Amino acid sequence: MSDTVEFNTPDEAVTFVRERRKALHLTRTHLAERAGVSREFVVALERGQTNNEPDQTLQVLTAVGFRIRA
């Protein structure tokens, strides 16, 4: 993934994860396995209900190709 992605709201990050997961043809279960989180966490993340779990959220974002550059 070479395009620049910017999130201005949590909802934009949620949309990014959902769209990338689908574009990669991953089920929520497969994404969870790839990210090292539970399927329930992926479901909650895609609903915007992560309860402030930044480490797990970053794991999922990384698993769908998001990279952070300073």
# chains A, B, ... in the order shown; residues from 1 in each chain; ligands from 1
>>> residues_around(residues="Arg47 (chain A)", least_positions_apart="2", cutoff="12 Å", atoms="only C-alpha atoms", output="list in words")
Pro10, Asp11, Glu12, Ala13, Val14, Thr15, Val17, Arg18, Glu40, Phe41, Val42, Val43, Ala44, Leu45, Gln49, Thr50 and Asn51 of chain A
>>> residues_around(residues="Leu26 (chain A)", least_positions_apart="6", cutoff="12 Å", atoms="only C-alpha atoms", output="PyMOL selection string")
chain A and resi 17-20+32-35+39+42+63-64
>>> closest_residue(among="A:Thr29, A:Phe7, A:Val37, A:Ala23", to="Asp55 (chain A)", atoms="only C-alpha atoms")
A:Val37
>>> select_by_dssp(residues="chain A", states="alpha helix (DSSP H)", output="number ranges by chain")
A: 10-23, 28-35, 39-46, 54-63
>>> atom_distance(atom1="CA of Leu58 (chain A)", atom2="CA of Thr9 (chain A)")
15.0 Å
>>> atom_distance(atom1="CA of Val5 (chain A)", atom2="CA of His30 (chain A)")
23.0 Å
>>> atom_distance(atom1="CA of Gln56 (chain A)", atom2="CA of His25 (chain A)")
20.7 Å
>>> closest_residue(among="A:Asn8, A:Glu46, A:Asn52, A:Arg67", to="Leu31 (chain A)", atoms="only C-alpha atoms")
A:Glu46
